[in-house]
file upload_23.cif (mmCIF, C-alpha atoms)
data_data
#
loop_
_atom_site.label_atom_id
_atom_site.label_comp_id
_atom_site.auth_asym_id
_atom_site.auth_seq_id
_atom_site.Cartn_x
_atom_site.Cartn_y
_atom_site.Cartn_z
CA MET D 169 0.00 0.00 0.00
CA LYS D 170 1.02 3.60 -0.52
CA TYR D 171 0.28 6.32 2.00
CA THR D 172 -0.09 10.05 2.26
CA THR D 173 -1.14 12.32 5.10
CA LEU D 174 -4.46 13.95 5.78
CA PRO D 175 -3.71 17.57 4.80
CA ASN D 176 -2.43 19.82 7.58
CA THR D 177 -2.17 16.88 9.98
CA ASP D 178 0.34 14.16 10.79
CA ILE D 179 -2.26 11.41 10.22
CA LYS D 180 -1.06 8.76 7.75
CA VAL D 181 -3.79 7.48 5.45
CA SER D 182 -3.75 4.89 2.67
CA LYS D 183 -4.09 6.23 -0.88
CA ILE D 184 -6.94 3.78 -1.33
CA ASN D 185 -9.93 4.24 0.97
CA LEU D 186 -12.50 1.51 1.64
CA GLY D 187 -15.96 2.80 0.76
CA THR D 188 -18.66 0.98 2.69
CA MET D 189 -22.01 2.15 1.34
CA THR D 190 -22.94 -1.34 0.11
CA PHE D 191 -22.86 -2.74 3.66
CA GLY D 192 -26.47 -3.33 4.70
CA GLN D 193 -28.11 -3.85 1.30
CA GLN D 194 -25.78 -5.28 -1.33
CA ASN D 195 -23.56 -6.78 1.36
CA THR D 196 -24.49 -8.58 4.56
CA GLU D 197 -22.87 -7.87 7.91
CA ALA D 198 -20.60 -10.92 7.50
CA GLU D 199 -19.53 -9.78 4.03
CA GLY D 200 -18.88 -6.27 5.29
CA HIS D 201 -16.72 -7.65 8.10
CA ALA D 202 -14.80 -9.79 5.60
CA GLN D 203 -14.13 -6.76 3.39
CA MET D 204 -12.84 -4.73 6.32
CA ASP D 205 -10.63 -7.62 7.46
CA TYR D 206 -9.15 -8.00 3.98
CA ALA D 207 -8.69 -4.28 3.42
CA LEU D 208 -6.82 -3.90 6.70
CA GLU D 209 -4.62 -6.91 5.85
CA ARG D 210 -3.73 -5.21 2.55
CA GLY D 211 -2.70 -2.01 4.30
CA ILE D 212 -5.86 0.07 3.90
CA ASN D 213 -6.29 2.08 7.10
CA PHE D 214 -8.83 4.63 5.82
CA PHE D 215 -12.57 3.78 5.80
CA ASP D 216 -15.42 6.03 4.64
CA THR D 217 -19.08 5.84 5.62
CA ALA D 218 -22.08 8.13 6.23
CA GLU D 219 -25.14 8.32 8.44
CA MET D 220 -27.49 7.83 5.45
CA TYR D 221 -25.81 4.60 4.25
CA SER D 222 -26.51 1.96 3.04
CA VAL D 223 -27.35 3.07 -0.50
CA PRO D 224 -29.88 3.67 -1.90
CA ALA D 225 -31.06 5.51 1.20
CA ARG D 226 -34.21 4.05 2.75
CA GLN D 227 -35.74 4.41 6.18
CA GLU D 228 -35.54 0.65 6.69
CA THR D 229 -31.76 0.60 6.21
CA TYR D 230 -30.88 4.02 7.64
CA GLY D 231 -27.61 3.76 9.57
CA SER D 232 -27.11 0.10 8.66
CA THR D 233 -23.58 0.62 7.32
CA GLU D 234 -22.38 2.41 10.44
CA LYS D 235 -23.91 -0.36 12.56
CA ILE D 236 -21.96 -3.01 10.60
CA ILE D 237 -18.72 -1.07 11.05
CA GLY D 238 -19.55 -0.73 14.75
CA THR D 239 -19.99 -4.47 15.27
CA TRP D 240 -16.70 -5.04 13.43
CA PHE D 241 -14.91 -2.60 15.71
CA LYS D 242 -16.35 -4.35 18.75
CA LYS D 243 -15.51 -7.84 17.47
CA SER D 244 -12.04 -7.11 16.07
CA GLY D 245 -10.74 -4.48 18.46
CA ASN D 246 -9.30 -2.65 15.43
CA ARG D 247 -10.68 0.84 16.04
CA ASP D 248 -7.22 2.29 16.70
CA LYS D 249 -5.94 0.89 13.39
CA VAL D 250 -8.48 2.74 11.26
CA VAL D 251 -8.83 6.39 10.24
CA LEU D 252 -12.60 6.64 10.13
CA ALA D 253 -14.56 9.15 8.04
CA SER D 254 -18.31 9.67 8.22
CA LYS D 255 -20.80 12.29 7.01
CA ILE D 256 -23.92 14.19 7.98
CA ALA D 257 -26.63 14.16 5.30
CA GLY D 258 -27.63 17.44 3.73
CA PRO D 259 -31.17 18.64 3.05
CA ASN D 260 -33.47 16.23 1.24
CA PRO D 261 -37.28 16.21 1.53
CA GLY D 262 -37.26 12.42 1.65
CA PHE D 263 -34.98 12.20 4.69
CA THR D 264 -37.39 13.35 7.39
CA TYR D 265 -36.93 10.00 9.14
CA MET D 266 -33.36 10.95 10.06
CA ARG D 267 -34.04 13.85 12.44
CA ASP D 268 -36.44 16.73 13.06
CA LYS D 269 -34.71 19.10 10.63
CA ILE D 270 -32.44 17.99 7.80
CA ASP D 271 -30.05 20.91 7.92
CA PHE D 272 -26.68 21.94 9.34
CA SER D 273 -28.02 23.75 12.39
CA PRO D 274 -26.11 23.18 15.65
CA ALA D 275 -28.85 20.85 16.93
CA SER D 276 -28.84 18.75 13.75
CA ILE D 277 -25.06 18.42 13.61
CA LYS D 278 -24.80 17.44 17.27
CA TYR D 279 -27.66 14.94 16.93
CA ALA D 280 -26.13 13.37 13.83
CA VAL D 281 -22.68 13.04 15.40
CA GLU D 282 -24.02 11.53 18.63
CA ASN D 283 -26.06 8.92 16.78
CA SER D 284 -23.23 8.02 14.41
CA LEU D 285 -20.96 7.48 17.40
CA LYS D 286 -23.52 5.12 18.94
CA ARG D 287 -23.94 3.10 15.75
CA LEU D 288 -20.18 2.98 15.16
CA GLN D 289 -19.51 1.95 18.76
CA THR D 290 -16.69 4.45 19.07
CA ASP D 291 -15.93 7.60 21.04
CA TYR D 292 -14.68 9.66 18.10
CA ILE D 293 -14.75 10.10 14.32
CA ASP D 294 -11.44 11.03 12.70
CA LEU D 295 -12.88 12.96 9.75
CA TYR D 296 -16.43 14.30 9.81
CA GLN D 297 -17.85 15.63 6.55
CA MET D 298 -20.91 17.47 5.27
CA HIS D 299 -22.29 15.04 2.68
CA TRP D 300 -23.51 17.77 0.32
CA PRO D 301 -24.09 21.52 0.67
CA GLU D 302 -27.05 22.84 2.58
CA ARG D 303 -27.63 25.48 -0.10
CA LYS D 304 -29.00 24.59 -3.52
CA THR D 305 -26.14 24.39 -6.00
CA ASN D 306 -24.86 22.13 -8.75
CA TYR D 307 -23.85 18.70 -7.47
CA PHE D 308 -24.85 15.04 -7.97
CA GLY D 309 -24.67 15.28 -11.74
CA GLN D 310 -26.01 18.82 -12.20
CA ARG D 311 -23.61 20.76 -14.39
CA ALA D 312 -25.01 24.28 -14.35
CA PHE D 313 -25.58 26.67 -11.46
CA ASN D 314 -29.21 27.73 -11.69
CA GLY D 315 -29.35 30.80 -9.51
CA HIS D 316 -29.83 32.01 -5.97
CA ASP D 317 -31.25 29.84 -3.18
CA GLU D 318 -34.06 31.93 -1.65
CA VAL D 319 -34.40 29.76 1.47
CA TRP D 320 -30.81 29.12 2.58
CA GLU D 321 -29.07 31.73 4.75
CA ASP D 322 -25.30 31.99 4.96
CA ASN D 323 -24.24 29.85 7.91
CA PHE D 324 -20.63 28.89 7.15
CA ARG D 325 -19.36 30.42 10.39
CA SER D 326 -22.10 28.83 12.51
CA VAL D 327 -21.33 25.39 11.09
CA LEU D 328 -17.64 25.75 11.86
CA GLU D 329 -18.40 27.00 15.38
CA THR D 330 -20.49 23.87 15.99
CA PHE D 331 -17.70 21.64 14.72
CA ASP D 332 -15.24 23.55 16.89
CA GLY D 333 -17.24 22.59 19.96
CA LEU D 334 -17.41 18.94 18.94
CA ILE D 335 -13.66 18.86 18.29
CA LYS D 336 -13.00 20.34 21.73
CA GLU D 337 -15.24 17.63 23.22
CA GLY D 338 -13.15 15.00 21.40
CA LYS D 339 -16.09 13.59 19.46
CA ILE D 340 -14.63 14.47 16.05
CA LYS D 341 -11.00 15.16 15.16
CA HIS D 342 -11.08 16.88 11.76
CA ILE D 343 -13.65 18.09 9.24
CA GLY D 344 -14.21 17.97 5.50
CA VAL D 345 -16.79 18.74 2.83
CA SER D 346 -18.31 16.59 0.11
CA ASN D 347 -19.98 17.29 -3.24
CA GLU D 348 -18.82 20.86 -2.75
CA ASN D 349 -17.78 23.48 -5.27
CA ALA D 350 -14.90 25.95 -5.23
CA TRP D 351 -16.97 28.80 -3.82
CA GLY D 352 -18.17 26.74 -0.87
CA MET D 353 -14.68 25.45 -0.17
CA MET D 354 -13.27 28.96 -0.13
CA ARG D 355 -16.04 30.29 2.12
CA PHE D 356 -15.31 27.62 4.72
CA LEU D 357 -11.59 28.33 4.45
CA GLU D 358 -12.05 32.09 4.80
CA GLU D 359 -14.30 31.74 7.83
CA SER D 360 -11.80 29.45 9.52
CA ARG D 361 -8.96 31.82 8.66
CA HIS D 362 -10.64 34.97 9.95
CA HIS D 363 -12.27 33.53 13.07
CA ASP D 364 -9.73 30.92 14.23
CA LEU D 365 -12.12 28.06 13.56
CA PRO D 366 -11.46 24.47 12.37
CA ARG D 367 -10.18 24.21 8.82
CA ILE D 368 -11.59 21.77 6.27
CA LYS D 369 -8.96 19.14 5.46
CA THR D 370 -10.60 17.33 2.54
CA VAL D 371 -13.25 17.50 -0.15
CA GLN D 372 -14.98 14.27 -1.22
CA ASN D 373 -16.13 14.68 -4.81
CA PRO D 374 -16.59 12.41 -7.84
CA TYR D 375 -13.48 12.05 -9.96
CA SER D 376 -12.73 9.56 -12.73
CA LEU D 377 -11.91 9.27 -16.41
CA LEU D 378 -15.59 10.03 -17.06
CA ASN D 379 -15.80 13.00 -14.70
CA ARG D 380 -12.84 15.37 -14.37
CA LEU D 381 -14.87 18.44 -13.42
CA PHE D 382 -12.87 18.73 -10.19
CA GLU D 383 -10.01 19.99 -12.34
CA VAL D 384 -12.07 23.09 -13.23
CA GLY D 385 -11.70 25.46 -10.28
CA SER D 386 -11.64 23.04 -7.37
CA ALA D 387 -8.20 21.59 -8.16
CA GLU D 388 -6.71 25.08 -7.87
CA VAL D 389 -8.27 25.49 -4.43
CA SER D 390 -6.97 22.05 -3.50
CA LYS D 391 -3.42 22.95 -4.49
CA TYR D 392 -3.09 26.42 -2.99
CA GLU D 393 -5.19 25.81 0.12
CA ASN D 394 -3.98 22.23 0.75
CA VAL D 395 -7.41 20.60 0.76
CA GLY D 396 -7.06 16.99 -0.34
CA LEU D 397 -9.45 15.27 -2.73
CA LEU D 398 -11.13 12.08 -1.59
CA ALA D 399 -12.18 10.84 -5.02
CA TYR D 400 -15.37 8.81 -5.04
CA SER D 401 -16.63 6.66 -7.92
CA PRO D 402 -13.15 6.36 -9.52
CA LEU D 403 -14.56 3.39 -11.47
CA ALA D 404 -17.89 5.09 -12.21
CA PHE D 405 -20.19 2.52 -10.61
CA GLY D 406 -18.16 -0.26 -12.26
CA VAL D 407 -18.53 1.17 -15.78
CA LEU D 408 -14.75 1.75 -15.94
CA THR D 409 -14.03 -1.92 -15.33
CA GLY D 410 -15.32 -2.56 -18.87
CA LYS D 411 -17.73 -5.24 -17.72
CA PHE D 412 -20.71 -3.55 -19.36
CA LEU D 413 -18.99 -3.57 -22.77
CA THR D 414 -18.94 -7.35 -23.02
CA GLY D 415 -22.63 -7.89 -23.75
CA GLU D 416 -22.92 -10.10 -20.67
CA SER D 417 -25.67 -9.45 -18.15
CA HIS D 418 -24.69 -8.29 -14.68
CA PRO D 419 -27.92 -8.51 -12.67
CA ASN D 420 -26.21 -7.80 -9.35
CA ALA D 421 -24.41 -4.67 -10.55
CA ARG D 422 -25.50 -1.48 -8.81
CA ILE D 423 -26.73 0.24 -11.96
CA ASN D 424 -28.91 -2.80 -12.74
CA LEU D 425 -30.20 -3.30 -9.21
CA PHE D 426 -30.93 0.39 -8.82
CA PRO D 427 -31.84 1.80 -12.25
CA GLN D 428 -32.30 5.30 -10.80
CA TYR D 429 -28.50 5.62 -10.89
CA THR D 430 -28.08 6.76 -14.48
CA ARG D 431 -25.07 9.04 -14.12
CA TYR D 432 -22.72 6.82 -16.13
CA ASN D 433 -25.23 5.26 -18.52
CA SER D 434 -25.18 7.76 -21.38
CA GLU D 435 -24.10 6.98 -24.93
CA GLN D 436 -21.18 9.38 -24.46
CA CYS D 437 -20.02 7.48 -21.37
CA THR D 438 -20.14 4.19 -23.26
CA GLN D 439 -18.25 5.69 -26.20
CA ALA D 440 -15.56 7.18 -23.96
CA THR D 441 -15.25 3.94 -21.99
CA ARG D 442 -14.61 1.98 -25.20
CA LEU D 443 -11.88 4.42 -26.20
CA TYR D 444 -10.24 4.25 -22.76
CA GLN D 445 -10.36 0.46 -22.93
CA GLU D 446 -8.52 0.58 -26.26
CA ILE D 447 -5.77 2.64 -24.63
CA ALA D 448 -5.55 0.19 -21.74
CA HIS D 449 -5.28 -2.88 -23.96
CA LYS D 450 -2.75 -1.17 -26.22
CA HIS D 451 -0.45 -0.78 -23.21
CA GLY D 452 -1.07 -4.19 -21.65
CA LEU D 453 -3.36 -2.93 -18.91
CA THR D 454 -6.90 -3.69 -17.85
CA LEU D 455 -9.38 -0.85 -17.99
CA THR D 456 -9.59 -1.01 -14.19
CA GLN D 457 -5.83 -0.50 -13.95
CA LEU D 458 -5.95 2.44 -16.36
CA ALA D 459 -8.88 4.11 -14.60
CA MET D 460 -7.53 3.67 -11.07
CA GLY D 461 -3.97 4.45 -12.08
CA PHE D 462 -5.10 7.76 -13.57
CA VAL D 463 -6.89 8.82 -10.39
CA LEU D 464 -4.18 7.61 -8.01
CA GLN D 465 -1.39 9.68 -9.56
CA GLN D 466 -3.20 13.01 -9.49
CA PRO D 467 -1.26 15.54 -7.41
CA PHE D 468 -4.38 16.81 -5.63
CA LEU D 469 -5.47 13.34 -4.51
CA THR D 470 -5.37 12.32 -0.87
CA SER D 471 -7.21 9.01 -1.31
CA ALA D 472 -9.41 7.22 -3.86
CA ILE D 473 -12.54 5.64 -2.42
CA ILE D 474 -13.27 2.18 -3.78
CA GLY D 475 -16.38 0.10 -3.27
CA ALA D 476 -16.82 -3.60 -3.94
CA THR D 477 -19.48 -6.20 -3.39
CA ASN D 478 -17.12 -9.18 -3.19
CA LEU D 479 -13.51 -9.91 -2.26
CA ASP D 480 -12.41 -10.59 -5.83
CA GLN D 481 -13.46 -7.07 -6.86
CA LEU D 482 -11.81 -5.65 -3.76
CA LYS D 483 -8.54 -7.43 -4.50
CA GLU D 484 -8.51 -6.22 -8.12
CA ASN D 485 -9.11 -2.65 -7.00
CA ILE D 486 -6.44 -2.69 -4.30
CA ASP D 487 -3.89 -4.24 -6.66
CA THR D 488 -4.04 -1.11 -8.82
CA ILE D 489 -2.04 0.79 -6.19
CA ASP D 490 1.19 -0.18 -7.98
CA VAL D 491 0.08 0.98 -11.45
CA VAL D 492 2.07 3.91 -12.84
CA LEU D 493 0.90 5.45 -16.10
CA SER D 494 3.52 6.83 -18.49
CA LYS D 495 3.44 10.31 -19.99
CA GLU D 496 2.46 8.67 -23.28
CA ILE D 497 -0.59 7.04 -21.72
CA ILE D 498 -1.62 10.25 -19.98
CA ALA D 499 -1.36 12.10 -23.30
CA GLU D 500 -3.62 9.51 -24.96
CA ILE D 501 -6.12 9.82 -22.10
CA ASN D 502 -6.13 13.59 -22.45
CA ALA D 503 -6.77 13.28 -26.17
CA ILE D 504 -9.96 11.33 -25.44
CA GLN D 505 -10.95 13.86 -22.78
CA ALA D 506 -10.61 16.61 -25.40
CA ILE D 507 -12.96 14.76 -27.77
CA ILE D 508 -15.53 13.67 -25.13
CA PRO D 509 -15.03 15.98 -22.13
CA ASP D 510 -16.56 14.78 -18.87
CA PRO D 511 -19.47 12.75 -20.24
CA ALA D 512 -20.73 12.09 -16.70
CA PRO D 513 -21.13 15.30 -14.65
#

call {"tool": "encode", "arguments": {"input": "upload_23.cif", "output": "structure tokens"}}
result
Amino acid sequence: MKYTTLPNTDIKVSKINLGTMTFGQQNTEAEGHAQMDYALERGINFFDTAEMYSVPARQETYGSTEKIIGTWFKKSGNRDKVVLASKIAGPNPGFTYMRDKIDFSPASIKYAVENSLKRLQTDYIDLYQMHWPERKTNYFGQRAFNGHDEVWEDNFRSVLETFDGLIKEGKIKHIGVSNENAWGMMRFLEESRHHDLPRIKTVQNPYSLLNRLFEVGSAEVSKYENVGLLAYSPLAFGVLTGKFLTGESHPNARINLFPQYTRYNSEQCTQATRLYQEIAHKHGLTLTQLAMGFVLQQPFLTSAIIGATNLDQLKENIDTIDVVLSKEIIAEINAIQAIIPDPAP
């Protein structure tokens, strides 16, 4: 395994992060425990979860992933070996089962943290993130910014003050954002700078061969402000393994089980994936190796979040840590990006 540090800390984290959102629906508790055992054996010390997991979010499975991680901590005694990240859900009219108000008010943040700690069977969370912005903006596949949010009121400072209190209590150690844009990142950074409040360490956004939008604006913030990217969906829901190009059916694949996830299903995504597969095969690589290798060698990356539903997939993903792409391969990738730029927003 290769390691880096959580920005502005001395915390060593693996460059591959174990994503856990399948635990509780696509994976049983026993399977989740087996994945965590194997990941730790392979040197992965960074796990990511969220209060709303498993996915897709449903009241019946709310918090199931954190509960599975909690029983693993209790059984294995491995809490001190893991850098644990979790997230508070942002506003969503369908999430009223989570708490009284689905916002980032002090009461909501404190309630969410306390309940995550109970489910996780731990006293602290290493990295606590806002899952998506409280204001209406372009995220989750929306390209364009469509104007002012008439309901949301600027609360960046209040949010950081709440996190400051939780850090002082020892319940969380560090904070990050997710599905955030450059403006939101800078507002959090400016508030922390001017009011001596906790600084965001990471941003968890989609990043892959099919979605390089992070490079537009956010990568500059990442570089100059030292905010590390936690790249999710580096394999685009499995599309960048090439398995959907074979003509074979994959009934247990996420995009088949849950057809509402259409982000990587467009004709442009399929066309780009075929072209990237040609590059991979030309250079003696699998498409998985090409896709993961590209993400892993980005200078703004702190860790790439992988998800798997079985140990064979997990092994294949972890094995990509040693892939190094040549300048020639990167140039060929960029040529495809120029022809079909970011087909999946």

call {"tool": "residues_around", "arguments": {"input": "upload_23.cif", "residues": "Ala404 of chain D", "least_positions_apart": "2", "cutoff": "8 Å", "atoms": "only C-alpha atoms", "output": "list in words"}}
result
Ser376, Leu378, Ser401, Pro402, Gly406, Val407, Leu408 and Tyr432 of chain D

call {"tool": "residues_around", "arguments": {"input": "upload_23.cif", "residues": "segment 185-201 of chain D", "least_positions_apart": "4", "cutoff": "7 Å", "atoms": "only C-alpha atoms", "output": "short mmCIF file (atom, residue, chain, number, x, y, z; two decimals) with C-alpha atoms, in the coordinates of the input"}}
result
data_model
loop_
_atom_site.label_atom_id
_atom_site.label_comp_id
_atom_site.auth_asym_id
_atom_site.auth_seq_id
_atom_site.Cartn_x
_atom_site.Cartn_y
_atom_site.Cartn_z
CA ASP D 205 -10.63 -7.62 7.46
CA ILE D 212 -5.86 0.07 3.90
CA PHE D 214 -8.83 4.63 5.82
CA PHE D 215 -12.57 3.78 5.80
CA ASP D 216 -15.42 6.03 4.64
CA THR D 217 -19.08 5.84 5.62
CA TYR D 221 -25.81 4.60 4.25
CA SER D 222 -26.51 1.96 3.04
CA VAL D 223 -27.35 3.07 -0.50
CA THR D 229 -31.76 0.60 6.21
CA SER D 232 -27.11 0.10 8.66
CA THR D 233 -23.58 0.62 7.32
CA ILE D 236 -21.96 -3.01 10.60
CA TRP D 240 -16.70 -5.04 13.43
CA SER D 471 -7.21 9.01 -1.31
CA ALA D 472 -9.41 7.22 -3.86
CA ILE D 473 -12.54 5.64 -2.42
CA ILE D 474 -13.27 2.18 -3.78
CA GLY D 475 -16.38 0.10 -3.27
CA THR D 477 -19.48 -6.20 -3.39
#

call {"tool": "residues_near_point", "arguments": {"input": "upload_23.cif", "point": "(-16.6, 18.4, -11.9)", "cutoff": "12 Å", "atoms": "all atoms listed in the file", "output": "NGL selection string"}}
result
:D and (306-312 or 347-350 or 372-387 or 399-400 or 509-513)

call {"tool": "closest_residue", "arguments": {"input": "upload_23.cif", "among": "D:Val492, D:Ile368, D:Leu464, D:Ala280", "to": "Asp268 of chain D", "atoms": "only C-alpha atoms"}}
result
D:Ala280

call {"tool": "residues_near_point", "arguments": {"input": "upload_23.cif", "point": "(-0.2, 15.2, 7.9)", "cutoff": "12 Å", "atoms": "all atoms listed in the file", "output": "ChimeraX atom specification"}}
result
/D:171-181,342,369-370,394-396,470

call {"tool": "closest_residue", "arguments": {"input": "upload_23.cif", "among": "D:Ile504, D:Gln481, D:Ile237, D:Gln445", "to": "Ala421 of chain D", "atoms": "all atoms listed in the file"}}
result
D:Gln481

call {"tool": "residues_around", "arguments": {"input": "upload_23.cif", "residues": "Phe324 of chain D", "least_positions_apart": "4", "cutoff": "9 Å", "atoms": "all atoms listed in the file", "output": "PyMOL selection string"}}
result
chain D and resi 328-329+352+355-356+359

call {"tool": "closest_residue", "arguments": {"input": "upload_23.cif", "among": "D:Cys437, D:Val251, D:Met460, D:Ile501", "to": "Ile489 of chain D", "atoms": "all atoms listed in the file"}}
result
D:Met460

call {"tool": "atom_distance", "arguments": {"input": "upload_23.cif", "atom1": "atom CA of Lys255 of chain D", "atom2": "atom CA of Ala218 of chain D"}}
result
4.4 Å

call {"tool": "closest_residue", "arguments": {"input": "upload_23.cif", "among": "D:Val463, D:Ala476, D:Val345, D:Ala275", "to": "Ala202 of chain D", "atoms": "all atoms listed in the file"}}
result
D:Ala476

call {"tool": "closest_residue", "arguments": {"input": "upload_23.cif", "among": "D:Glu302, D:Asp294, D:Glu209, D:Glu500", "to": "Leu443 of chain D", "atoms": "all atoms listed in the file"}}
result
D:Glu500

call {"tool": "resolve_selection", "arguments": {"input": "upload_23.cif", "expression": "the PyMOL selection byres ((chain D and resi 266) around 9)", "output": "NGL selection string"}}
result
:D and (219-220 or 227 or 230 or 257 or 263-265 or 267-270 or 280)

call {"tool": "atom_distance", "arguments": {"input": "upload_23.cif", "atom1": "atom CA of Ser244 of chain D", "atom2": "atom CA of Lys339 of chain D"}}
result
21.4 Å

call {"tool": "atom_distance", "arguments": {"input": "upload_23.cif", "atom1": "atom CA of Ile423 of chain D", "atom2": "atom CA of Ser346 of chain D"}}
result
22.0 Å
